[in-house]
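Some notes on the structure that comes next.
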Amino acid sequence: MKKFYLVCLTVLSFGISAEVSSERLAEINSSVNSMSVNELQDRKAYLINEQAQLLKTAQSTQSPSNVKSISNRLDEIRAELSSIQKALIAMIGIAAINSLTDDGYSDTVPPVITINGSNPATVELGSVYNDAGATAMDAFHGTTSVTTSGDSNVDTSSIGSFIVTYTATDLSGNTATATRVVNVVDTTAPVVTVTGDNPVTVELGDTYTDAGATSTDLSASYTVVTTGTVDTDTVGEYILTYTSTDSSGNVGTATRTVNVVDTTAPVVTVTGDNPATTELGDDYTDAGATATDLSGDIDVVTTGTVDTDTVGEYTLTYTATDASENAGTATRTVNVTDTVKPVFTSSSTFIVDENVSEVGTVTATDLDTITFTIGATTGPAIQGSSGSPQLQITSDGVLSFDQAPDYDVQVPDVQLYTAGDAFNTVTKTTRTLSGYETGATMDFTATVTATDASGNATTHILPFK
């Protein structure tokens, strides 16, 4: 019976590693730990016998499901035998176990290797691989050292599968091996870095040239694909997306925000003359202004007034505000001027009574204020109470002598001046007066000028009798 056990254990140890759930292992260990030495030995013999039967059945069946079922059960048997071996060593020691199996047969059973951690194992590209190792238990010699080979050949800078081999040799020279598959995988997306400003601002109507993006990845260098558009003819926020895909299908992305803004004020152009001139009293019709802006058509608002009843300089302001609240302005200067001379409207001849200083009032029309002045007076010499009276006029046009004239005292050879039509000509005549005549008359003229506030002047020669 011992010989059969050794043969079966040998078959079990070659290349078979336990794939038993942690829950099932916990159940096995709990059951084994509750057994006595005799119970452990009986259980071991039973399991070895079951294992032999399963191996025999596995050689004759072609059913995949049966093979899988047998394989799972063999994994459990191996795990339980390992647990029994550990329990026996803990209870009675290795020497006692050897005495239990020492019946003259040599030890040909290799150790049982248990791989720690996952198998296959997965490690990320570019990271450091630390192997979890393995342990070995020998049926006759207990814990056995394990050597590892191939772990240094796991190249984490390259995607692929690598093999790590574990070897355990007992004191009788029996050797067992087990392997772990280490898969180096790439699950990390490329890192996409946006070049230049982000966000970036571009003026409405300008040309936008994108600075692009770069991609870095542990596996290689990859192209960056840009999606999205920027309409520089329309104010708004635009998103450009940069995408890079590595050979493992990992996708890295980054985005840039492009703000199309309008900070340029509309251009306002004044229509017509600038400065413009209009006559005092005329109607002024403004020619307005136009505006151009990249955002589209916009209205022009005019502010300011022109008072054509008052001479002066006036300013009209034209304002155009676009959708982004940028305001453009322009101005026009309007000069209200007075170039029309005053027009006399008073009597063509003034009658002055003797010994009366008041003469009358000269009148004229003009759109602005008129100031009257008087120039030279011509005619016969006359006497007043204290000498020769002088004709004078106020700024409002009121004529008077500074003293009342005496017509009875006259000088011979008087030069007489008669005003022609519309006061445009003056006729000179000469006559001789003798002595003192009762009821005598005297004819003389005076030059009167009407000047408005703009300096426009009209001069008339007014006759007096």
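Each chain of the structure tokens is named A, B, ... in the order shown, its residues numbered from 1; ligands are numbered from 1 in display order.
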Do you know which residues are at most 12 Å from Lys86 of chain A counting only C-alpha atoms, after dropping those on the same chain fewer than 3 positions away, and could you put them as a short mmCIF file (atom, residue, chain, number, x, y, z; two decimals) with C-alpha atoms, in the first residue's frame?
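Output file around.cif follows:
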data_model
loop_
_atom_site.label_atom_id
_atom_site.label_comp_id
_atom_site.auth_asym_id
_atom_site.auth_seq_id
_atom_site.Cartn_x
_atom_site.Cartn_y
_atom_site.Cartn_z
CA ASN A 29 -7.90 23.07 6.56
CA VAL A 32 -7.85 18.42 8.66
CA ASN A 33 -7.12 20.37 11.84
CA VAL A 37 -2.95 11.31 13.74
CA LEU A 40 -5.05 11.82 9.19
CA LYS A 44 -4.38 10.28 3.40
CA ALA A 79 -4.58 20.59 -1.53
CA GLU A 80 -5.98 18.29 1.17
CA LEU A 81 -2.92 15.95 1.03
CA SER A 82 -0.69 19.02 1.45
CA SER A 83 -2.75 20.17 4.42
CA ILE A 89 4.56 17.38 10.69
CA ALA A 90 3.14 19.76 13.26
CA MET A 91 1.86 16.83 15.38
CA ILE A 92 4.60 14.23 15.26
CA GLY A 93 7.55 15.77 13.35
CA ILE A 94 9.30 14.80 10.14
CA ILE A 97 6.41 10.73 9.47
CA VAL A 112 4.54 19.64 -3.96
CA ALA A 136 7.16 23.57 -1.56
CA MET A 137 6.21 20.74 0.80
CA ASP A 138 7.70 17.25 0.60
CA ALA A 139 5.80 14.21 1.84
CA PHE A 140 8.84 12.79 3.59
CA HIS A 141 10.97 15.83 4.32
CA GLY A 142 8.47 18.61 4.92
CA THR A 143 9.10 22.19 3.82
#
With 9 Å as the cut-off and only C-alpha atoms counted, what is the closest atom pair between each nearby residue of segment 192-232 of chain A and segment 255-270 of chain A? Distances in Å to one decimal, ordered by chain and number, as JSON lines.
{"residue": "A:Val194", "atom": "CA", "partner": "A:Arg256", "partner_atom": "CA", "distance": 7.1}
{"residue": "A:Asp197", "atom": "CA", "partner": "A:Arg256", "partner_atom": "CA", "distance": 8.4}
{"residue": "A:Asn198", "atom": "CA", "partner": "A:Arg256", "partner_atom": "CA", "distance": 5.5}
{"residue": "A:Pro199", "atom": "CA", "partner": "A:Thr257", "partner_atom": "CA", "distance": 4.7}
{"residue": "A:Val200", "atom": "CA", "partner": "A:Val258", "partner_atom": "CA", "distance": 5.0}
{"residue": "A:Thr201", "atom": "CA", "partner": "A:Asn259", "partner_atom": "CA", "distance": 4.8}
{"residue": "A:Val202", "atom": "CA", "partner": "A:Val260", "partner_atom": "CA", "distance": 5.0}
{"residue": "A:Glu203", "atom": "CA", "partner": "A:Val261", "partner_atom": "CA", "distance": 5.2}
{"residue": "A:Leu204", "atom": "CA", "partner": "A:Asp262", "partner_atom": "CA", "distance": 5.2}
{"residue": "A:Gly205", "atom": "CA", "partner": "A:Asp262", "partner_atom": "CA", "distance": 8.6}
{"residue": "A:Val230", "atom": "CA", "partner": "A:Val258", "partner_atom": "CA", "distance": 7.3}
{"residue": "A:Asp231", "atom": "CA", "partner": "A:Val260", "partner_atom": "CA", "distance": 7.8}
{"residue": "A:Thr232", "atom": "CA", "partner": "A:Val260", "partner_atom": "CA", "distance": 6.0}
Those of segment 161-273 of chain A in DSSP strand (DSSP E), formatted as a PyMOL selection string:
chain A and resi 161-169+175-185+191-194+200-203+213-216+225-227+236-245+251-261+267-270
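For the set A:Thr148, A:Asp206, A:Asp299, A:Tyr314, the residue with the smallest atom-to-atom gap to Thr329 of chain A is A:Asp299, counting only C-alpha atoms.
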Long-range neighbours of segment 386-397 of chain A as number ranges by chain, 8 Å cut-off, only C-alpha atoms, 6 positions minimum in chain
A: 361-363, 370-374, 377, 403-405
For the selection you just gave me, I'd like the residues written to a file as an mmCIF file, in the first residue's frame, keeping N, CA and C atoms.
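So the final result, stored in result15.cif, reads:
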data_model
loop_
_atom_site.group_PDB
_atom_site.id
_atom_site.type_symbol
_atom_site.label_atom_id
_atom_site.label_comp_id
_atom_site.auth_asym_id
_atom_site.auth_seq_id
_atom_site.Cartn_x
_atom_site.Cartn_y
_atom_site.Cartn_z
ATOM 1 N N THR A 361 -36.624 157.625 -35.407
ATOM 2 C CA THR A 361 -35.938 156.341 -35.173
ATOM 3 C C THR A 361 -35.660 155.656 -36.501
ATOM 4 N N VAL A 362 -34.420 155.265 -36.671
ATOM 5 C CA VAL A 362 -34.024 154.480 -37.839
ATOM 6 C C VAL A 362 -34.268 153.009 -37.531
ATOM 7 N N THR A 363 -34.894 152.287 -38.458
ATOM 8 C CA THR A 363 -35.164 150.847 -38.235
ATOM 9 C C THR A 363 -34.584 150.024 -39.378
ATOM 10 N N ILE A 370 -29.064 144.198 -34.082
ATOM 11 C CA ILE A 370 -28.497 145.272 -34.907
ATOM 12 C C ILE A 370 -28.030 146.414 -34.002
ATOM 13 N N THR A 371 -26.884 146.947 -34.367
ATOM 14 C CA THR A 371 -26.363 148.135 -33.690
ATOM 15 C C THR A 371 -26.220 149.260 -34.737
ATOM 16 N N PHE A 372 -26.767 150.432 -34.407
ATOM 17 C CA PHE A 372 -26.719 151.568 -35.336
ATOM 18 C C PHE A 372 -25.606 152.528 -34.934
ATOM 19 N N THR A 373 -24.927 153.078 -35.970
ATOM 20 C CA THR A 373 -23.925 154.140 -35.772
ATOM 21 C C THR A 373 -24.147 155.201 -36.847
ATOM 22 N N ILE A 374 -23.678 156.412 -36.588
ATOM 23 C CA ILE A 374 -23.844 157.517 -37.518
ATOM 24 C C ILE A 374 -22.504 158.072 -37.922
ATOM 25 N N THR A 377 -22.197 164.111 -41.349
ATOM 26 C CA THR A 377 -23.417 164.844 -41.691
ATOM 27 C C THR A 377 -23.027 165.991 -42.624
ATOM 28 N N GLN A 403 -28.533 169.533 -29.479
ATOM 29 C CA GLN A 403 -29.242 170.749 -29.078
ATOM 30 C C GLN A 403 -30.163 171.142 -30.229
ATOM 31 N N ALA A 404 -31.240 171.802 -29.909
ATOM 32 C CA ALA A 404 -32.235 172.128 -30.917
ATOM 33 C C ALA A 404 -31.642 173.092 -31.940
ATOM 34 N N PRO A 405 -31.873 172.889 -33.272
ATOM 35 C CA PRO A 405 -31.327 173.762 -34.314
ATOM 36 C C PRO A 405 -32.191 175.009 -34.525
#
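All residues of protein, DNA or RNA that reach within 8 Å of Thr214 of chain A, judged by only C-alpha atoms and not counting those fewer than 4 positions away in the chain, are Val192, Thr193, Val194, Thr195, Thr223 and Val224 of chain A.
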Let's have the selection written as a PDB file, in the first residue's frame, with N, CA and C atoms.
ATOM      1  N   VAL A 192      -2.111  63.087 -23.477  1.00  0.00           N
ATOM      2  CA  VAL A 192      -2.185  64.105 -24.522  1.00  0.00           C
ATOM      3  C   VAL A 192      -1.982  65.472 -23.872  1.00  0.00           C
ATOM      4  N   THR A 193      -1.027  66.232 -24.385  1.00  0.00           N
ATOM      5  CA  THR A 193      -0.696  67.555 -23.847  1.00  0.00           C
ATOM      6  C   THR A 193      -0.998  68.621 -24.892  1.00  0.00           C
ATOM      7  N   VAL A 194      -1.838  69.561 -24.503  1.00  0.00           N
ATOM      8  CA  VAL A 194      -2.213  70.647 -25.413  1.00  0.00           C
ATOM      9  C   VAL A 194      -1.045  71.626 -25.539  1.00  0.00           C
ATOM     10  N   THR A 195      -0.719  71.978 -26.768  1.00  0.00           N
ATOM     11  CA  THR A 195       0.361  72.934 -27.031  1.00  0.00           C
ATOM     12  C   THR A 195      -0.194  74.356 -27.032  1.00  0.00           C
ATOM     13  N   THR A 223       0.171  59.353 -33.188  1.00  0.00           N
ATOM     14  CA  THR A 223      -0.368  60.550 -33.824  1.00  0.00           C
ATOM     15  C   THR A 223      -1.547  61.085 -33.010  1.00  0.00           C
ATOM     16  N   VAL A 224      -1.668  62.405 -32.991  1.00  0.00           N
ATOM     17  CA  VAL A 224      -2.805  63.059 -32.330  1.00  0.00           C
ATOM     18  C   VAL A 224      -3.783  63.531 -33.407  1.00  0.00           C
TER      19      VAL A 224
END
Please provide as JSON, numbers by chain all residues within 12 Å of Leu125 of chain A, with the sequence filter that same-chain residues fewer than 2 positions apart are discarded (counting only C-alpha atoms).
{"A": [122, 123, 127, 128, 129, 154, 155, 156, 157, 158, 159, 160, 161, 182, 183, 184, 185, 186, 187, 188, 189, 217, 218, 219, 220, 248]}
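Among the candidates A:Asp353, A:Asp307, A:Asp368, A:Asp402, the residue lying nearest to Asp282 of chain A is A:Asp307 (atoms considered: only C-alpha atoms).
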Leaving out segment 168-180 of chain A and any residue of its chain fewer than 5 positions from it, which residues lie within 10 Å of it when counting only C-alpha atoms, given as a VMD selection string?
chain A and resid 10 13 to 17 106 to 121 131 133 to 151 162 to 163
Find the distance between atom CA of Asp338 of chain A and atom CA of Glu279 of chain A and write it in Å to one decimal.
5.8 Å
Of the candidates A:Val359, A:Val340, A:Val20, A:Val398, which shows the shortest atom-to-atom distance to Thr458 of chain A, using only C-alpha atoms?
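Smallest distance to Thr458 of chain A is found for A:Val340.
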